[in-house]
>>> print(open('input.cif').read())   # mmCIF, C-alpha atoms
data_data
#
loop_
_atom_site.label_atom_id
_atom_site.label_comp_id
_atom_site.auth_asym_id
_atom_site.auth_seq_id
_atom_site.Cartn_x
_atom_site.Cartn_y
_atom_site.Cartn_z
CA MET A 1 222.01 -26.76 -105.50
CA ARG A 2 219.88 -25.13 -108.20
CA ILE A 3 221.49 -23.17 -111.04
CA ALA A 4 221.08 -22.18 -114.68
CA CYS A 5 223.82 -21.36 -117.21
CA GLN A 6 224.37 -21.19 -120.95
CA GLN A 7 225.37 -24.37 -122.81
CA GLU A 8 228.33 -22.74 -124.60
CA ASP A 9 229.73 -21.41 -121.32
CA LEU A 10 229.44 -24.76 -119.55
CA HIS A 11 230.86 -26.63 -122.54
CA ARG A 12 233.85 -24.28 -122.73
CA GLY A 13 234.54 -24.61 -119.02
CA LEU A 14 234.24 -28.39 -118.96
CA SER A 15 236.57 -28.69 -121.97
CA ALA A 16 239.16 -26.49 -120.26
CA VAL A 17 239.30 -28.29 -116.91
CA ALA A 18 239.04 -31.78 -118.44
CA ARG A 19 242.64 -31.42 -119.62
CA ALA A 20 243.76 -31.78 -116.01
CA ILE A 21 242.04 -35.16 -115.71
CA PRO A 22 244.65 -37.97 -115.57
CA THR A 23 244.48 -40.73 -118.18
CA ARG A 24 245.37 -43.33 -115.55
CA THR A 25 244.73 -43.06 -111.84
CA THR A 26 244.22 -45.10 -108.69
CA LEU A 27 241.99 -42.36 -107.28
CA PRO A 28 238.58 -42.58 -109.02
CA ILE A 29 237.41 -39.15 -107.91
CA THR A 30 240.12 -37.48 -110.01
CA GLN A 31 238.09 -38.60 -113.03
CA HIS A 32 235.42 -36.18 -111.81
CA VAL A 33 234.91 -32.45 -112.16
CA LEU A 34 234.07 -30.43 -109.05
CA LEU A 35 231.17 -28.01 -109.54
CA GLU A 36 230.74 -25.22 -106.96
CA ALA A 37 227.84 -22.77 -107.33
CA GLU A 38 227.96 -19.54 -105.37
CA GLY A 39 227.04 -15.91 -105.91
CA ASP A 40 226.62 -15.29 -109.62
CA HIS A 41 228.96 -17.92 -110.99
CA LEU A 42 229.75 -21.62 -111.26
CA THR A 43 233.33 -22.72 -110.64
CA LEU A 44 234.58 -25.90 -112.31
CA SER A 45 237.72 -27.62 -111.01
CA ALA A 46 239.77 -30.66 -112.01
CA THR A 47 243.11 -32.06 -110.91
CA ASP A 48 245.31 -35.10 -111.32
CA ALA A 49 246.23 -34.75 -107.60
CA GLU A 50 249.93 -34.80 -108.53
CA THR A 51 251.06 -32.24 -111.10
CA ILE A 52 248.33 -29.90 -112.30
CA ALA A 53 245.01 -28.37 -111.29
CA ILE A 54 242.70 -26.12 -113.34
CA THR A 55 239.76 -24.03 -112.18
CA TYR A 56 237.41 -22.23 -114.56
CA ARG A 57 234.65 -19.77 -113.66
CA ILE A 58 231.52 -19.14 -115.74
CA GLU A 59 228.49 -16.92 -115.22
CA ALA A 60 225.41 -18.63 -113.81
CA LYS A 61 222.07 -17.87 -112.17
CA VAL A 62 222.44 -19.43 -108.75
CA GLU A 63 219.13 -19.95 -106.99
CA GLU A 64 220.55 -22.34 -104.39
CA PRO A 65 224.33 -22.60 -103.84
CA GLY A 66 225.95 -25.98 -103.48
CA SER A 67 228.64 -28.31 -104.75
CA ILE A 68 228.98 -31.78 -106.29
CA THR A 69 231.46 -33.77 -108.34
CA LEU A 70 230.38 -35.35 -111.63
CA PRO A 71 232.19 -37.79 -113.95
CA SER A 72 234.13 -35.61 -116.38
CA ARG A 73 233.74 -37.61 -119.56
CA LEU A 74 230.02 -38.22 -119.16
CA ILE A 75 229.05 -34.65 -118.30
CA SER A 76 231.37 -33.21 -120.96
CA ASP A 77 230.08 -35.44 -123.76
CA PHE A 78 226.46 -34.83 -122.77
CA VAL A 79 226.78 -31.04 -122.60
CA ALA A 80 228.69 -30.94 -125.90
CA THR A 81 225.74 -32.47 -127.76
CA LEU A 82 223.09 -30.13 -126.34
CA PRO A 83 221.71 -27.12 -128.24
CA ARG A 84 223.04 -23.66 -127.44
CA GLU A 85 220.34 -22.89 -124.93
CA GLU A 86 220.07 -22.52 -121.15
CA ILE A 87 220.91 -25.55 -119.03
CA THR A 88 219.40 -26.00 -115.58
CA MET A 89 220.95 -28.21 -112.91
CA ARG A 90 219.29 -29.33 -109.72
CA LEU A 91 220.68 -31.30 -106.81
CA ALA A 92 218.35 -32.26 -103.99
CA GLU A 93 219.61 -31.90 -100.42
CA ARG A 94 221.58 -34.91 -99.18
CA SER A 95 221.48 -36.36 -102.71
CA ARG A 96 224.31 -37.20 -105.13
CA GLN A 97 222.10 -37.34 -108.24
CA VAL A 98 222.09 -34.21 -110.41
CA SER A 99 219.16 -33.51 -112.76
CA LEU A 100 220.01 -31.58 -115.93
CA ALA A 101 217.60 -30.10 -118.46
CA CYS A 102 218.09 -28.20 -121.71
CA VAL A 103 215.09 -27.50 -123.96
CA ARG A 104 213.62 -31.02 -124.44
CA ASN A 105 216.69 -32.94 -123.24
CA THR A 106 216.92 -34.19 -119.68
CA ALA A 107 219.40 -36.38 -117.85
CA SER A 108 220.29 -37.59 -114.38
CA ILE A 109 223.96 -38.04 -113.48
CA GLY A 110 225.31 -39.52 -110.28
CA GLY A 111 228.15 -37.74 -108.56
CA MET A 112 230.42 -38.16 -105.55
CA ASP A 113 230.87 -36.33 -102.26
CA PRO A 114 232.67 -33.02 -102.97
CA ASP A 115 234.38 -33.29 -99.58
CA ASP A 116 236.35 -36.24 -100.96
CA PHE A 117 237.67 -34.23 -103.91
CA PRO A 118 241.43 -33.53 -103.69
CA PRO A 119 241.99 -29.97 -102.47
CA ILE A 120 242.82 -27.46 -105.20
CA PRO A 121 245.99 -25.69 -104.00
CA THR A 122 245.89 -21.94 -103.62
CA VAL A 123 249.33 -20.46 -104.13
CA GLU A 124 249.99 -17.56 -101.83
CA GLY A 125 253.44 -16.10 -101.69
CA SER A 126 255.36 -13.09 -102.86
CA ASP A 127 253.79 -10.41 -105.04
CA ALA A 128 252.44 -11.71 -108.33
CA ILE A 129 254.47 -11.14 -111.48
CA THR A 130 252.27 -9.66 -114.21
CA ILE A 131 252.84 -10.70 -117.83
CA GLU A 132 250.92 -9.75 -120.97
CA ALA A 133 248.82 -12.75 -122.00
CA PRO A 134 249.55 -12.64 -125.78
CA ARG A 135 253.30 -12.44 -125.18
CA LEU A 136 253.31 -15.34 -122.75
CA ARG A 137 251.19 -17.41 -125.13
CA THR A 138 253.70 -16.81 -127.95
CA ALA A 139 256.63 -17.66 -125.67
CA ILE A 140 254.98 -20.93 -124.62
CA ALA A 141 254.12 -21.90 -128.20
CA GLN A 142 257.72 -21.33 -129.32
CA THR A 143 259.31 -23.42 -126.56
CA VAL A 144 257.02 -26.11 -125.14
CA PHE A 145 257.25 -28.37 -128.21
CA SER A 146 260.99 -28.84 -127.60
CA ALA A 147 260.54 -30.33 -124.12
CA ALA A 148 261.23 -34.05 -123.68
CA THR A 149 258.30 -36.46 -123.52
CA ASP A 150 260.03 -39.28 -121.65
CA ASP A 151 260.93 -39.25 -117.96
CA SER A 152 264.52 -40.46 -118.24
CA ARG A 153 265.63 -36.90 -117.39
CA PRO A 154 262.74 -35.26 -115.53
CA VAL A 155 264.13 -31.71 -115.76
CA LEU A 156 263.91 -31.88 -119.56
CA THR A 157 260.15 -32.56 -119.41
CA GLY A 158 259.70 -28.98 -118.29
CA VAL A 159 260.34 -25.47 -119.55
CA HIS A 160 262.96 -23.37 -117.77
CA PHE A 161 261.65 -19.96 -116.64
CA HIS A 162 264.46 -17.51 -115.90
CA PHE A 163 263.32 -14.17 -114.51
CA THR A 164 265.87 -11.36 -114.52
CA ALA A 165 265.56 -7.60 -114.18
CA GLY A 166 262.96 -6.62 -116.75
CA SER A 167 262.96 -9.84 -118.78
CA LEU A 168 261.82 -13.44 -118.80
CA ARG A 169 263.54 -16.20 -120.75
CA LEU A 170 261.86 -19.52 -121.50
CA ALA A 171 263.95 -22.47 -122.65
CA ALA A 172 263.15 -26.09 -123.46
CA ALA A 173 265.36 -28.93 -124.73
CA ASP A 174 265.06 -32.67 -125.26
CA GLY A 175 268.65 -33.52 -126.18
CA PHE A 176 268.03 -33.11 -129.93
CA ARG A 177 266.79 -29.53 -130.10
CA LEU A 178 266.63 -26.36 -128.03
CA SER A 179 264.15 -23.48 -128.11
CA VAL A 180 264.79 -20.18 -126.33
CA HIS A 181 262.38 -17.24 -126.19
CA THR A 182 263.19 -13.96 -124.41
CA MET A 183 260.50 -11.42 -123.60
CA PRO A 184 260.39 -8.12 -121.68
CA ILE A 185 258.34 -7.89 -118.48
CA ASP A 186 257.69 -5.08 -116.04
CA ALA A 187 258.78 -6.96 -112.92
CA LYS A 188 262.36 -6.89 -111.72
CA VAL A 189 262.86 -10.22 -110.00
CA GLU A 190 265.56 -12.87 -109.97
CA ARG A 191 264.20 -16.40 -110.08
CA ALA A 192 264.73 -19.62 -112.03
CA VAL A 193 262.21 -22.47 -112.01
CA ILE A 194 261.19 -25.44 -114.19
CA VAL A 195 257.48 -25.61 -115.08
CA PRO A 196 256.08 -28.92 -116.42
CA ALA A 197 255.58 -28.73 -120.19
CA ARG A 198 252.20 -30.41 -119.83
CA ALA A 199 250.97 -27.62 -117.58
CA LEU A 200 252.21 -24.97 -120.00
CA SER A 201 250.49 -26.65 -122.95
CA GLU A 202 247.20 -26.36 -121.09
CA LEU A 203 247.99 -22.79 -120.06
CA GLY A 204 248.60 -21.94 -123.72
CA ARG A 205 245.09 -23.13 -124.55
CA LEU A 206 243.61 -21.03 -121.75
CA LEU A 207 245.53 -18.00 -122.97
CA GLY A 208 244.06 -18.55 -126.41
CA GLU A 209 240.76 -17.26 -125.00
CA ALA A 210 242.43 -14.09 -123.73
CA ALA A 211 243.25 -11.99 -126.79
CA GLU A 212 244.25 -9.21 -124.42
CA GLY A 213 244.77 -8.93 -120.70
CA LYS A 214 247.35 -9.94 -118.15
CA VAL A 215 248.48 -13.13 -116.47
CA ALA A 216 249.39 -13.04 -112.78
CA VAL A 217 252.18 -15.50 -111.94
CA THR A 218 252.65 -16.42 -108.27
CA PHE A 219 255.10 -18.80 -106.59
CA ASN A 220 254.63 -20.30 -103.14
CA PRO A 221 257.27 -19.50 -100.50
CA ALA A 222 258.71 -23.04 -100.64
CA GLY A 223 259.36 -22.74 -104.38
CA THR A 224 257.44 -25.92 -105.16
CA GLN A 225 254.31 -24.57 -106.86
CA VAL A 226 253.36 -21.92 -109.41
CA GLN A 227 249.96 -20.42 -110.16
CA PHE A 228 248.91 -18.71 -113.40
CA ASP A 229 245.79 -16.58 -112.96
CA VAL A 230 244.16 -15.36 -116.18
CA GLY A 231 241.04 -13.99 -114.51
CA HIS A 232 238.28 -16.42 -115.44
CA ALA A 233 240.64 -19.39 -115.13
CA ARG A 234 243.48 -20.42 -112.87
CA LEU A 235 246.12 -23.11 -113.41
CA THR A 236 248.31 -24.44 -110.61
CA ALA A 237 251.26 -26.75 -111.16
CA ASN A 238 253.96 -28.41 -109.09
CA LEU A 239 257.39 -27.26 -110.17
CA ILE A 240 260.02 -29.75 -111.31
CA GLN A 241 262.92 -29.88 -108.88
CA GLY A 242 266.43 -30.12 -110.27
CA THR A 243 269.04 -28.20 -112.24
CA PHE A 244 268.32 -27.33 -115.85
CA PRO A 245 271.28 -27.78 -118.22
CA ASN A 246 273.38 -24.77 -119.16
CA TYR A 247 271.80 -24.34 -122.57
CA GLU A 248 273.68 -21.13 -123.43
CA GLN A 249 276.71 -23.17 -124.42
CA LEU A 250 274.60 -25.16 -126.89
CA ILE A 251 273.93 -22.12 -129.09
CA PRO A 252 276.78 -21.89 -131.65
CA ALA A 253 278.66 -18.61 -131.47
CA GLN A 254 280.02 -18.85 -135.02
CA LYS A 255 278.52 -19.67 -138.41
CA ALA A 256 280.02 -20.46 -141.79
CA THR A 257 276.83 -20.00 -143.81
CA ARG A 258 273.67 -17.96 -143.33
CA THR A 259 270.69 -18.78 -145.53
CA GLU A 260 267.56 -16.66 -145.57
CA VAL A 261 264.33 -18.01 -147.10
CA SER A 262 260.57 -17.57 -146.96
CA VAL A 263 259.01 -19.41 -144.01
CA ALA A 264 255.92 -20.41 -146.02
CA GLU A 265 257.97 -21.79 -148.94
CA PHE A 266 260.41 -23.58 -146.66
CA MET A 267 257.53 -25.14 -144.76
CA ARG A 268 255.86 -26.30 -147.97
CA GLU A 269 259.00 -27.93 -149.34
CA THR A 270 259.82 -29.52 -145.98
CA ARG A 271 256.30 -30.95 -145.77
CA ILE A 272 256.70 -32.46 -149.25
CA ALA A 273 260.13 -33.86 -148.43
CA SER A 274 258.81 -35.36 -145.20
CA ILE A 275 256.44 -37.54 -147.22
CA PHE A 276 259.43 -39.24 -148.83
CA ALA A 277 261.43 -39.10 -145.60
CA ARG A 278 258.92 -41.31 -143.80
CA ASP A 279 260.62 -44.38 -145.26
CA GLY A 280 264.08 -42.89 -144.81
CA SER A 281 264.33 -42.35 -141.04
CA GLY A 282 262.70 -38.93 -141.38
CA ILE A 283 265.87 -37.43 -142.89
CA VAL A 284 265.51 -34.20 -144.88
CA ARG A 285 268.67 -32.98 -146.63
CA ILE A 286 269.37 -29.29 -147.17
CA ILE A 287 271.93 -27.79 -149.55
CA ALA A 288 272.49 -24.01 -149.58
CA THR A 289 274.34 -22.56 -152.55
CA PRO A 290 275.38 -18.88 -152.83
CA GLY A 291 274.32 -16.93 -155.90
CA GLU A 292 276.72 -16.03 -158.69
CA GLY A 293 276.55 -12.72 -160.45
CA SER A 294 272.93 -11.76 -160.99
CA ASN A 295 271.68 -15.25 -160.15
CA PRO A 296 270.13 -15.59 -156.68
CA GLY A 297 271.28 -18.14 -154.18
CA ARG A 298 269.19 -21.24 -153.71
CA LEU A 299 268.19 -23.74 -151.09
CA VAL A 300 267.63 -27.33 -152.20
CA ILE A 301 265.51 -29.55 -149.97
CA THR A 302 265.63 -33.28 -150.72
CA ALA A 303 264.57 -36.57 -149.19
CA ARG A 304 264.91 -40.12 -150.35
CA ALA A 305 263.96 -43.60 -149.28
CA GLU A 306 265.85 -46.57 -150.62
CA GLU A 307 263.88 -48.58 -153.20
CA VAL A 308 260.88 -46.25 -152.80
CA GLY A 309 261.60 -42.85 -154.30
CA ASN A 310 262.98 -39.36 -153.76
CA ASN A 311 262.13 -35.72 -154.28
CA GLU A 312 263.83 -32.37 -154.69
CA GLY A 313 262.49 -28.87 -154.07
CA ILE A 314 264.36 -25.65 -154.92
CA LEU A 315 263.84 -22.27 -153.28
CA ASP A 316 265.33 -18.86 -154.03
CA ALA A 317 267.42 -17.82 -151.05
CA VAL A 318 269.87 -15.24 -149.81
CA VAL A 319 272.98 -17.25 -149.00
CA GLU A 320 275.95 -15.65 -147.26
CA GLY A 321 279.16 -17.65 -146.92
CA ALA A 322 280.25 -20.98 -148.36
CA GLU A 323 278.03 -23.72 -149.77
CA ALA A 324 276.49 -25.70 -146.94
CA LYS A 325 275.11 -29.22 -146.61
CA ILE A 326 273.23 -30.48 -143.58
CA ALA A 327 270.47 -32.97 -142.76
CA PHE A 328 267.71 -32.64 -140.18
CA ASN A 329 264.79 -34.63 -138.88
CA GLY A 330 261.86 -33.42 -141.00
CA ARG A 331 259.43 -33.39 -138.09
CA TYR A 332 261.75 -31.21 -136.04
CA LEU A 333 261.91 -28.69 -138.89
CA MET A 334 258.12 -28.63 -139.24
CA ASP A 335 257.68 -28.15 -135.48
CA VAL A 336 259.76 -24.97 -135.41
CA LEU A 337 258.52 -23.56 -138.72
CA ASN A 338 254.94 -23.86 -137.46
CA VAL A 339 255.58 -21.50 -134.53
CA LEU A 340 257.66 -18.81 -136.23
CA ASP A 341 255.98 -15.39 -136.16
CA ALA A 342 257.89 -13.95 -139.13
CA ASP A 343 257.73 -14.12 -142.92
CA ARG A 344 261.35 -15.16 -143.36
CA VAL A 345 263.75 -17.35 -141.44
CA ALA A 346 267.55 -17.44 -141.28
CA ILE A 347 269.29 -20.82 -141.14
CA GLU A 348 272.80 -20.66 -139.71
CA THR A 349 275.15 -23.63 -140.26
CA THR A 350 278.79 -24.39 -139.65
CA SER A 351 279.32 -27.97 -140.89
CA PRO A 352 277.23 -31.08 -141.65
CA SER A 353 278.02 -32.41 -138.15
CA SER A 354 277.41 -29.18 -136.20
CA PRO A 355 274.04 -27.94 -134.86
CA GLY A 356 271.94 -25.73 -137.09
CA VAL A 357 270.35 -22.52 -135.81
CA LEU A 358 267.04 -21.06 -136.98
CA ARG A 359 266.12 -17.46 -136.26
CA PRO A 360 263.08 -15.48 -137.47
CA VAL A 361 264.32 -12.56 -139.53
CA GLY A 362 263.70 -9.23 -137.83
CA ASN A 363 262.93 -10.83 -134.47
CA ASP A 364 265.77 -11.47 -132.04
CA ARG A 365 263.51 -12.77 -129.26
CA PHE A 366 263.54 -16.39 -130.48
CA VAL A 367 266.29 -18.84 -131.38
CA HIS A 368 266.04 -22.54 -132.14
CA VAL A 369 268.94 -25.01 -132.24
CA VAL A 370 268.53 -28.43 -133.83
CA MET A 371 271.05 -31.25 -133.98
CA PRO A 372 271.94 -32.60 -137.44
CA MET A 373 271.44 -36.16 -138.65
CA PHE A 374 274.50 -37.95 -139.98
CA VAL A 375 274.09 -39.06 -143.60
CA GLN A 376 276.19 -40.08 -146.55
CA TRP A 377 276.43 -37.25 -149.06
#
>>> encode(input="input.cif", output="structure tokens")
Amino acid sequence: MRIACQQEDLHRGLSAVARAIPTRTTLPITQHVLLEAEGDHLTLSATDAETIAITYRIEAKVEEPGSITLPSRLISDFVATLPREEITMRLAERSRQVSLACVRNTASIGGMDPDDFPPIPTVEGSDAITIEAPRLRTAIAQTVFSAATDDSRPVLTGVHFHFTAGSLRLAAADGFRLSVHTMPIDAKVERAVIVPARALSELGRLLGEAAEGKVAVTFNPAGTQVQFDVGHARLTANLIQGTFPNYEQLIPAQKATRTEVSVAEFMRETRIASIFARDGSGIVRIIATPGEGSNPGRLVITARAEEVGNNEGILDAVVEGAEAKIAFNGRYLMDVLNVLDADRVAIETTSPSSPGVLRPVGNDRFVHVVMPMFVQW
């Protein structure tokens, strides 16, 4: 193998596929990246051999095609420190030692037999479903953070994809909060699957490179794997088997109070309150009071920690309905406020012990439900 490529291209590709490398494994070769040079490009691949696989293609001058696996951390760290110049890689026939050179830097890295690398699955099934990359990236960002991080209920560690005629709904829940994003798509298919949240987090990063363009989504006939093809990169994941909870019934149908505030101001005051909430179980209290006469309504955000201190922030707000009091986990509030794509947010509440609902004003595609924390008022 003898190739040349640009440092920034190789660094970007190695960073992308490295996210599929498992933190713990009994299979040493999964700590490696597979490099395959052919035609006018170099394909990088990595997998944990269980859940996720990522391939990434970069342009390269291929004088002699070939393949090798190299330790991911070593090659990634080395390439990251090189200047933004051309890198040449050479692998002698029947050798496992790759020589790299960039300007005045040289290195020799030992690899492993590419034939021993776990096969990267190629998902071939029904016609691909095409989705606009920016829309899918937004949908992932607004849902994936609500997925569970522990394996006590495996189905909750994924995001539910529900395809219906002309639309796709993503939903994620961890027992304390629920995020639902609905988006239009051109395809008219009926399918419901659960995609691992970890895989979608990595897909979101790959989509960050595609300001425009399409994503081709393909499922295998057995319904056990999904492939997201963004052109220069491809992510394959094993689907989570099981039944996702009926989350529709978790979204309150009624509300006693609707409070509308600026997202930026609400985020600022929540961040301040969270500092004091650290020593108070993360509890942030919210009190919404309707305006009287010409006076606007207001939203009071407070937090306190016994024997440490407390704070209070006041925002102008549009409050419809009765005065409302409710407490939330401050981190949960920050998580959802960080992904809202609107200037203002509506907070819908019924009682201090009922779930609260957050909706971006002027955007009915996203809804977030968060369970309250029980406090003494």
>>> closest_residue(input="input.cif", among="A:Ala49, A:Ala233, A:Val367, A:Ala322", to="A:Arg12", atoms="only C-alpha atoms")
A:Ala233
>>> residues_around(input="input.cif", residues="stretch 326-340 of chain A", least_positions_apart="4", cutoff="8 Å", atoms="only C-alpha atoms", output="VMD selection string")
chain A and resid 141 to 142 145 177 263 267 270 to 271 273 to 274 277 282 to 287 349 351 to 353 360 368 370 to 375
>>> resolve_selection(input="input.cif", expression="the PyMOL selection byres ((chain A and resi 239-244) around 7)", output="ChimeraX atom specification")
/A:155,160,194-196,224-226,237-238,245-246
>>> resolve_selection(input="input.cif", expression="the PyMOL selection byres ((chain A and resi 66) around 12)", output="PDB file with C-alpha atoms, in the coordinates of the input")
ATOM      1  CA  MET A   1     222.010 -26.760-105.500  1.00  0.00           C
ATOM      2  CA  ARG A   2     219.880 -25.130-108.200  1.00  0.00           C
ATOM      3  CA  ILE A   3     221.490 -23.170-111.040  1.00  0.00           C
ATOM      4  CA  LEU A  34     234.070 -30.430-109.050  1.00  0.00           C
ATOM      5  CA  LEU A  35     231.170 -28.010-109.540  1.00  0.00           C
ATOM      6  CA  GLU A  36     230.740 -25.220-106.960  1.00  0.00           C
ATOM      7  CA  ALA A  37     227.840 -22.770-107.330  1.00  0.00           C
ATOM      8  CA  GLU A  38     227.960 -19.540-105.370  1.00  0.00           C
ATOM      9  CA  GLY A  39     227.040 -15.910-105.910  1.00  0.00           C
ATOM     10  CA  HIS A  41     228.960 -17.920-110.990  1.00  0.00           C
ATOM     11  CA  LEU A  42     229.750 -21.620-111.260  1.00  0.00           C
ATOM     12  CA  THR A  43     233.330 -22.720-110.640  1.00  0.00           C
ATOM     13  CA  VAL A  62     222.440 -19.430-108.750  1.00  0.00           C
ATOM     14  CA  GLU A  63     219.130 -19.950-106.990  1.00  0.00           C
ATOM     15  CA  GLU A  64     220.550 -22.340-104.390  1.00  0.00           C
ATOM     16  CA  PRO A  65     224.330 -22.600-103.840  1.00  0.00           C
ATOM     17  CA  SER A  67     228.640 -28.310-104.750  1.00  0.00           C
ATOM     18  CA  ILE A  68     228.980 -31.780-106.290  1.00  0.00           C
ATOM     19  CA  THR A  69     231.460 -33.770-108.340  1.00  0.00           C
ATOM     20  CA  MET A  89     220.950 -28.210-112.910  1.00  0.00           C
ATOM     21  CA  ARG A  90     219.290 -29.330-109.720  1.00  0.00           C
ATOM     22  CA  LEU A  91     220.680 -31.300-106.810  1.00  0.00           C
ATOM     23  CA  ALA A  92     218.350 -32.260-103.990  1.00  0.00           C
ATOM     24  CA  GLU A  93     219.610 -31.900-100.420  1.00  0.00           C
ATOM     25  CA  ARG A  94     221.580 -34.910 -99.180  1.00  0.00           C
ATOM     26  CA  SER A  95     221.480 -36.360-102.710  1.00  0.00           C
ATOM     27  CA  ARG A  96     224.310 -37.200-105.130  1.00  0.00           C
ATOM     28  CA  VAL A  98     222.090 -34.210-110.410  1.00  0.00           C
ATOM     29  CA  ASP A 113     230.870 -36.330-102.260  1.00  0.00           C
ATOM     30  CA  PRO A 114     232.670 -33.020-102.970  1.00  0.00           C
ATOM     31  CA  ASP A 115     234.380 -33.290 -99.580  1.00  0.00           C
TER      32      ASP A 115
END
>>> residues_around(input="input.cif", residues="A:Ser201", least_positions_apart="4", cutoff="10 Å", atoms="only C-alpha atoms", output="JSON, numbers by chain")
{"A": [19, 137, 140, 141, 144, 145, 196, 197, 205, 206, 207]}
>>> resolve_selection(input="input.cif", expression="the PyMOL selection byres ((chain A and resi 184) around 8)", output="ChimeraX atom specification")
/A:166-168,182-183,185-186
>>> atom_distance(input="input.cif", atom1="atom CA of A:Arg278", atom2="atom CA of A:Ile301")
14.8 Å
>>> closest_residue(input="input.cif", among="A:Thr30, A:Gln7, A:Thr143, A:Thr257", to="A:Ser72", atoms="only C-alpha atoms")
A:Thr30
>>> closest_residue(input="input.cif", among="A:Ile120, A:Ala148, A:Ala187, A:Ile129", to="A:Ala216", atoms="only C-alpha atoms")
A:Ile129
>>> closest_residue(input="input.cif", among="A:Val230, A:Ile87, A:Ile314, A:Ala192", to="A:Ala60", atoms="all atoms listed in the file")
A:Ile87
>>> residues_around(input="input.cif", residues="A:Gly208", least_positions_apart="6", cutoff="10 Å", atoms="only C-alpha atoms", output="PyMOL selection string")
chain A and resi 133-134+137-138+202
>>> closest_residue(input="input.cif", among="A:Phe276, A:Gln97, A:His32, A:Glu292", to="A:Glu307", atoms="only C-alpha atoms")
A:Phe276
>>> residues_around(input="input.cif", residues="A:Thr149", least_positions_apart="4", cutoff="10 Å", atoms="all atoms listed in the file", output="list in words")
Phe145, Arg153, Pro154, Leu156, Thr157, Gly158, Asp174, Ala197 and Arg198 of chain A
